[in-house]
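Chemist: Okay, so here is upload-v2.csv, and as you'll see once you scroll down, it has CSV, C-alpha atoms.
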```csv
chain,number,residue,atom,x,y,z
U,1,MET,CA,0.0,0.0,0.0
U,2,LEU,CA,1.3,3.4,-1.0
U,3,ASP,CA,2.1,5.6,2.1
U,4,PRO,CA,-0.4,8.6,2.0
U,5,ILE,CA,2.5,10.9,3.0
U,6,HIS,CA,5.4,11.6,0.7
U,7,PHE,CA,8.4,12.1,2.9
U,8,TYR,CA,11.9,13.1,1.8
U,9,GLU,CA,15.2,14.5,3.1
U,10,PRO,CA,16.1,17.5,1.0
U,11,ALA,CA,19.8,16.5,1.1
U,12,GLN,CA,18.9,13.2,-0.5
U,13,GLY,CA,16.6,14.7,-3.2
U,14,HIS,CA,12.9,15.0,-3.4
U,15,GLY,CA,12.2,12.2,-5.9
U,16,LEU,CA,9.5,14.3,-7.7
U,17,PRO,CA,9.4,15.8,-11.2
U,18,HIS,CA,9.8,19.3,-9.7
U,19,ASP,CA,11.1,20.5,-6.3
U,20,PRO,CA,7.9,21.2,-4.2
U,21,PHE,CA,9.6,23.5,-1.7
U,22,ASN,CA,8.9,26.7,-3.6
U,23,ALA,CA,5.3,25.7,-4.2
U,24,ILE,CA,4.7,24.8,-0.6
U,25,VAL,CA,6.1,28.1,0.8
U,26,GLY,CA,4.0,30.2,-1.5
U,27,PRO,CA,2.6,32.0,-3.2
U,28,ARG,CA,5.3,34.5,-2.2
U,29,PRO,CA,5.3,38.3,-2.6
U,30,ILE,CA,7.8,39.5,-5.2
U,31,GLY,CA,10.7,41.7,-4.4
U,32,TRP,CA,11.0,43.9,-7.5
U,33,ILE,CA,14.2,45.6,-6.6
U,34,ALA,CA,15.6,48.7,-8.3
U,35,THR,CA,19.3,49.6,-7.7
U,36,ARG,CA,22.0,51.9,-9.2
U,37,SER,CA,25.6,50.9,-9.5
U,38,SER,CA,28.4,53.2,-8.3
U,39,ALA,CA,29.0,54.0,-11.9
U,40,GLY,CA,25.3,55.1,-12.3
U,41,VAL,CA,23.9,52.1,-14.3
U,42,LEU,CA,20.3,51.3,-13.3
U,43,ASN,CA,19.3,47.8,-12.5
U,44,LEU,CA,15.8,46.3,-11.9
U,45,ALA,CA,15.2,42.6,-11.0
U,46,PRO,CA,12.5,40.5,-9.3
U,47,TYR,CA,13.2,38.2,-6.4
U,48,SER,CA,10.8,35.5,-5.2
U,49,PHE,CA,12.4,35.2,-1.7
U,50,PHE,CA,11.1,38.5,-0.3
U,51,ASN,CA,9.0,39.7,2.6
U,52,ALA,CA,8.5,42.3,5.3
U,53,PHE,CA,10.2,41.6,8.7
U,54,ASN,CA,9.4,44.4,11.1
U,55,TYR,CA,6.9,47.2,11.8
U,56,THR,CA,8.9,49.9,13.6
U,57,PRO,CA,11.2,50.6,11.9
U,58,PRO,CA,9.7,49.0,8.8
U,59,LEU,CA,12.2,46.5,7.5
U,60,ILE,CA,12.0,44.4,4.3
U,61,GLY,CA,14.4,41.9,2.9
U,62,PHE,CA,15.1,39.6,0.0
U,63,SER,CA,17.5,36.8,-0.7
U,64,SER,CA,19.9,36.9,-3.6
U,65,ILE,CA,20.8,33.4,-4.8
U,66,GLY,CA,24.3,34.1,-6.1
U,67,ARG,CA,26.2,37.4,-6.2
U,68,LYS,CA,23.9,39.2,-8.7
U,69,ASP,CA,24.1,42.8,-9.9
U,70,THR,CA,21.4,43.9,-7.4
U,71,LEU,CA,23.5,42.6,-4.4
U,72,ARG,CA,26.7,44.2,-5.7
U,73,ASN,CA,24.9,47.6,-6.3
U,74,ILE,CA,23.5,47.6,-2.8
U,75,GLU,CA,26.9,46.8,-1.4
U,76,GLN,CA,28.3,49.7,-3.3
U,77,THR,CA,25.6,52.3,-2.6
U,78,GLY,CA,23.6,51.1,0.4
U,79,GLU,CA,20.3,51.9,-1.3
U,80,PHE,CA,17.5,50.2,-3.1
U,81,VAL,CA,13.8,50.6,-4.0
U,82,TRP,CA,11.2,48.0,-3.8
U,83,ASN,CA,8.3,48.3,-6.3
U,84,LEU,CA,5.0,46.5,-6.2
U,85,ALA,CA,4.6,44.0,-9.0
U,86,THR,CA,0.9,44.0,-10.3
U,87,ARG,CA,-1.0,42.1,-12.9
U,88,PRO,CA,-0.8,45.0,-15.4
U,89,LEU,CA,2.9,45.0,-14.9
U,90,ALA,CA,3.5,41.3,-15.0
U,91,GLU,CA,5.0,41.1,-18.4
U,92,ALA,CA,7.4,44.1,-17.7
U,93,MET,CA,8.4,42.5,-14.4
U,94,ASN,CA,9.1,39.2,-16.2
U,95,ALA,CA,11.2,41.1,-18.9
U,96,SER,CA,13.3,42.6,-16.1
U,97,CYS,CA,14.2,39.1,-15.0
U,98,ALA,CA,16.3,38.5,-18.1
U,99,PRO,CA,19.9,37.5,-17.3
U,100,ALA,CA,21.4,40.7,-18.8
U,101,PRO,CA,25.0,41.8,-18.2
U,102,PRO,CA,25.7,44.5,-15.6
U,103,GLU,CA,25.8,47.3,-18.2
U,104,VAL,CA,22.2,46.8,-19.3
U,105,ASP,CA,19.5,49.0,-17.8
U,106,GLU,CA,16.5,46.8,-17.1
U,107,PHE,CA,14.2,49.8,-16.9
U,108,ALA,CA,14.8,50.4,-20.6
U,109,LEU,CA,14.8,46.7,-21.4
U,110,ALA,CA,11.3,46.3,-19.9
U,111,GLY,CA,10.0,49.6,-21.3
U,112,LEU,CA,9.6,51.1,-17.8
U,113,THR,CA,10.0,54.7,-16.6
U,114,PRO,CA,12.5,55.5,-13.8
U,115,ALA,CA,11.0,58.1,-11.5
U,116,ALA,CA,13.1,60.1,-9.1
U,117,SER,CA,12.8,59.0,-5.5
U,118,ARG,CA,12.4,61.6,-2.7
U,119,ILE,CA,15.2,60.4,-0.3
U,120,VAL,CA,17.5,57.8,-2.0
U,121,LYS,CA,19.3,58.2,-5.3
U,122,VAL,CA,17.8,55.0,-6.8
U,123,PRO,CA,14.7,55.7,-8.9
U,124,ARG,CA,11.4,53.9,-8.5
U,125,VAL,CA,9.3,52.3,-11.2
U,126,ALA,CA,6.9,55.1,-12.2
U,127,GLU,CA,4.3,52.6,-13.5
U,128,SER,CA,4.1,50.8,-10.1
U,129,PRO,CA,1.4,52.0,-7.8
U,130,VAL,CA,3.5,51.4,-4.6
U,131,SER,CA,7.2,51.8,-4.0
U,132,PHE,CA,9.4,51.7,-0.9
U,133,GLU,CA,12.7,53.7,-0.8
U,134,CYS,CA,15.1,51.7,1.3
U,135,ARG,CA,18.6,52.0,2.9
U,136,ARG,CA,20.6,48.8,3.6
U,137,THR,CA,20.8,47.7,7.2
U,138,GLN,CA,22.3,44.2,6.9
U,139,ILE,CA,23.7,41.8,4.3
U,140,ILE,CA,24.1,38.3,5.7
U,141,GLU,CA,25.4,35.3,3.8
U,142,LEU,CA,23.1,32.3,4.6
U,143,GLN,CA,24.6,29.2,6.0
U,144,GLY,CA,23.8,25.5,6.2
U,145,LEU,CA,23.9,23.2,9.2
U,146,ASN,CA,27.6,22.8,8.8
U,147,GLY,CA,28.2,26.5,9.1
U,148,ASP,CA,29.4,26.8,5.5
U,149,GLY,CA,28.0,29.6,3.3
U,150,VAL,CA,25.4,28.4,0.7
U,151,GLY,CA,26.1,31.1,-1.9
U,152,SER,CA,23.0,33.1,-1.0
U,153,TRP,CA,22.8,36.5,0.7
U,154,LEU,CA,19.9,38.0,2.7
U,155,VAL,CA,19.7,41.7,2.1
U,156,LEU,CA,17.7,43.7,4.7
U,157,GLY,CA,16.8,47.4,4.4
U,158,GLU,CA,14.9,50.0,6.3
U,159,VAL,CA,12.0,51.7,4.5
U,160,VAL,CA,12.7,55.4,4.6
U,161,GLY,CA,10.1,56.6,2.1
U,162,VAL,CA,6.8,55.2,0.9
U,163,HIS,CA,4.9,56.0,-2.4
U,164,ILE,CA,1.3,55.0,-2.7
U,165,ALA,CA,-1.1,55.8,-5.6
U,166,ARG,CA,-4.0,57.7,-4.1
U,167,HIS,CA,-6.6,55.6,-5.8
U,168,LEU,CA,-5.5,52.7,-3.6
U,169,LEU,CA,-6.5,54.6,-0.4
U,170,THR,CA,-10.1,54.1,0.5
U,171,ASP,CA,-11.0,56.5,3.4
U,172,GLY,CA,-7.3,56.5,4.2
U,173,VAL,CA,-7.1,52.7,4.2
U,174,TYR,CA,-4.8,50.9,1.7
U,175,ASP,CA,-6.8,48.5,-0.5
U,176,THR,CA,-4.6,45.5,-1.1
U,177,ALA,CA,-6.8,43.8,-3.7
U,178,ALA,CA,-7.4,47.0,-5.7
U,179,ALA,CA,-3.7,47.0,-6.5
U,180,ALA,CA,-3.9,43.5,-8.1
U,181,PRO,CA,-0.6,42.4,-6.8
U,182,ILE,CA,0.9,39.2,-8.2
U,183,LEU,CA,2.8,36.6,-6.2
U,184,ARG,CA,5.2,33.9,-7.2
U,185,GLY,CA,4.0,30.3,-7.3
U,186,GLY,CA,6.1,27.2,-7.2
U,187,GLY,CA,6.3,25.9,-10.7
U,188,PRO,CA,8.7,27.1,-13.3
U,189,ALA,CA,6.2,29.7,-14.6
U,190,ASP,CA,3.5,29.9,-11.9
U,191,TYR,CA,2.1,33.1,-10.6
U,192,PHE,CA,-1.0,34.1,-8.6
U,193,GLU,CA,-3.0,37.3,-8.5
U,194,ILE,CA,-4.8,38.7,-5.4
U,195,GLY,CA,-8.3,40.0,-6.1
U,196,PRO,CA,-11.3,41.0,-4.0
U,197,ASP,CA,-12.9,37.6,-4.4
U,198,SER,CA,-10.1,36.0,-2.3
U,199,LEU,CA,-10.7,38.4,0.7
U,200,PHE,CA,-12.0,37.1,4.0
U,201,HIS,CA,-11.8,38.5,7.6
U,202,MET,CA,-10.6,36.8,10.7
U,203,ARG,CA,-9.9,38.7,13.9
U,204,ARG,CA,-7.2,37.7,16.4
U,205,PRO,CA,-8.8,36.0,19.4
U,206,ALA,CA,-8.8,37.9,22.7
U,207,TRP,CA,-7.3,36.1,25.7
U,208,PRO,CA,-9.7,35.9,28.7
```
Starting from the file, give its structure as structure tokens.
Modeler:
Amino acid sequence: MLDPIHFYEPAQGHGLPHDPFNAIVGPRPIGWIATRSSAGVLNLAPYSFFNAFNYTPPLIGFSSIGRKDTLRNIEQTGEFVWNLATRPLAEAMNASCAPAPPEVDEFALAGLTPAASRIVKVPRVAESPVSFECRRTQIIELQGLNGDGVGSWLVLGEVVGVHIARHLLTDGVYDTAAAAPILRGGGPADYFEIGPDSLFHMRRPAWP
């Protein structure tokens, strides 16, 4: 009889047609990160290992698997901008993920407009309805159980400026679904979209 639970040890392989890890931990918000090199070249790239980590101060972070241009630029300048990836911007976001050399400006490659930020020198994506201006707080090389680096770096930054399109504020409250954010799924090409039909409410229980 086939065991109803598929168990595997990641170090020994998953034994499936596609690694399920990314699909299980998901869908995940997308870190669409803009940076500028010390030479002034703009870079824009999406990262699927991304999230928010603290309220006050607001901290966000993403993981760079390998030493990519985004990581090097943040090391050089200490600044980056996160941009909300939405359904209307999905194709442009995907275009910015091309493995282009460092001298290529992904804003231009994806047909996007760099808009000046208020605080940092890195521009935001003008077409995106929400952007966070950030300054680097930490860069940490991730390690395995043996203490060895795994060739991935967690980049954390404090949000020092927030841009929100006013049409997403209903009576002063941000409307998540109205922005139509997209999230990364687990397959080689899977994404999900958040819409109003997926909304439900659940309050935290009060302790007696």
Chemist: When you look at segment 55-68 of chain U with a cut-off of 7 Å (counting all atoms listed in the file), what residues show up, excluding the ones that are within fewer than 4 positions of it in the same chain? I need them as an NGL selection string.
Modeler: :U and (31 or 47 or 49-51 or 72 or 151-159)
Chemist: Between U:Tyr191, U:Ala100, U:Val130, U:His201, which is the closest to Leu168 of chain U once you count all atoms listed in the file?
Modeler: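 Ranked by minimum distance to Leu168 of chain U, first place goes to U:Val130.
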Chemist: Quick one, how far is atom CA of Ala92 of chain U from atom CA of Leu109 of chain U?
Modeler: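 So the answer is 8.7 Å.
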Chemist: For His18 of chain U, find every residue with an atom within 12 Å (counting all atoms listed in the file), except residues of its own chain fewer than 5 positions away, and show them as a short mmCIF file (atom, residue, chain, number, x, y, z; two decimals) with C-alpha atoms, in the frame of the given file.
Modeler:
```cif
data_model
loop_
_atom_site.label_atom_id
_atom_site.label_comp_id
_atom_site.auth_asym_id
_atom_site.auth_seq_id
_atom_site.Cartn_x
_atom_site.Cartn_y
_atom_site.Cartn_z
CA GLY U 13 16.60 14.70 -3.20
CA ALA U 23 5.30 25.70 -4.20
CA ILE U 24 4.70 24.80 -0.60
CA GLY U 186 6.10 27.20 -7.20
CA GLY U 187 6.30 25.90 -10.70
CA PRO U 188 8.70 27.10 -13.30
#
```
Chemist: For a test of reading the model, state the distance in Å between atom CA of Glu79 of chain U and atom CA of Ala178 of chain U, rounded to one decimal.
Modeler: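 Separation of atom CA of Glu79 of chain U and atom CA of Ala178 of chain U: 28.5 Å.
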Chemist: Show which residues sit within 7 Å of Ser96 of chain U, as JSON, numbers by chain. Count all atoms listed in the file, and ignore same-chain residues fewer than 3 positions away.
Modeler: {"U": [44, 45, 92, 93, 106, 109, 110]}
Chemist: Taking 6 positions as the minimum chain separation for residues in the same chain, which residues sit within 12 Å of segment 5-8 of chain U when counting all atoms listed in the file? Answer as a list in words.
Modeler: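 These residues fall inside the cut-off: His14, Gly15, Leu16, Asp19, Pro20 and Phe21 of chain U.
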Chemist: Given all atoms listed in the file as the basis, pick out the residue of U:Ala115, U:Asn94, U:Gly78, U:Phe192 nearest to Thr137 of chain U.
Modeler: U:Gly78
Chemist: For Ile139 of chain U, which residue out of U:Ile30, U:Ser38, U:Asn54, U:Leu71 is the nearest one, using all atoms listed in the file?
Modeler: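 So, comparing all the options, the nearest one is U:Leu71.
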Chemist: Report the distance between atom CA of Ser37 of chain U and atom CA of Gln76 of chain U in Å, rounded to one decimal place.
Modeler: 6.9 Å
Chemist: Around all listed atoms of segment 189-192 of chain U, padded 3 Å per side, what centre and edge lengths does the axis-aligned box have in Å to one decimal, as AutoDock Vina command-line options?
Modeler:
```
--center_x 2.6 --center_y 31.9 --center_z -11.6 --size_x 13.2 --size_y 10.4 --size_z 12.0
```
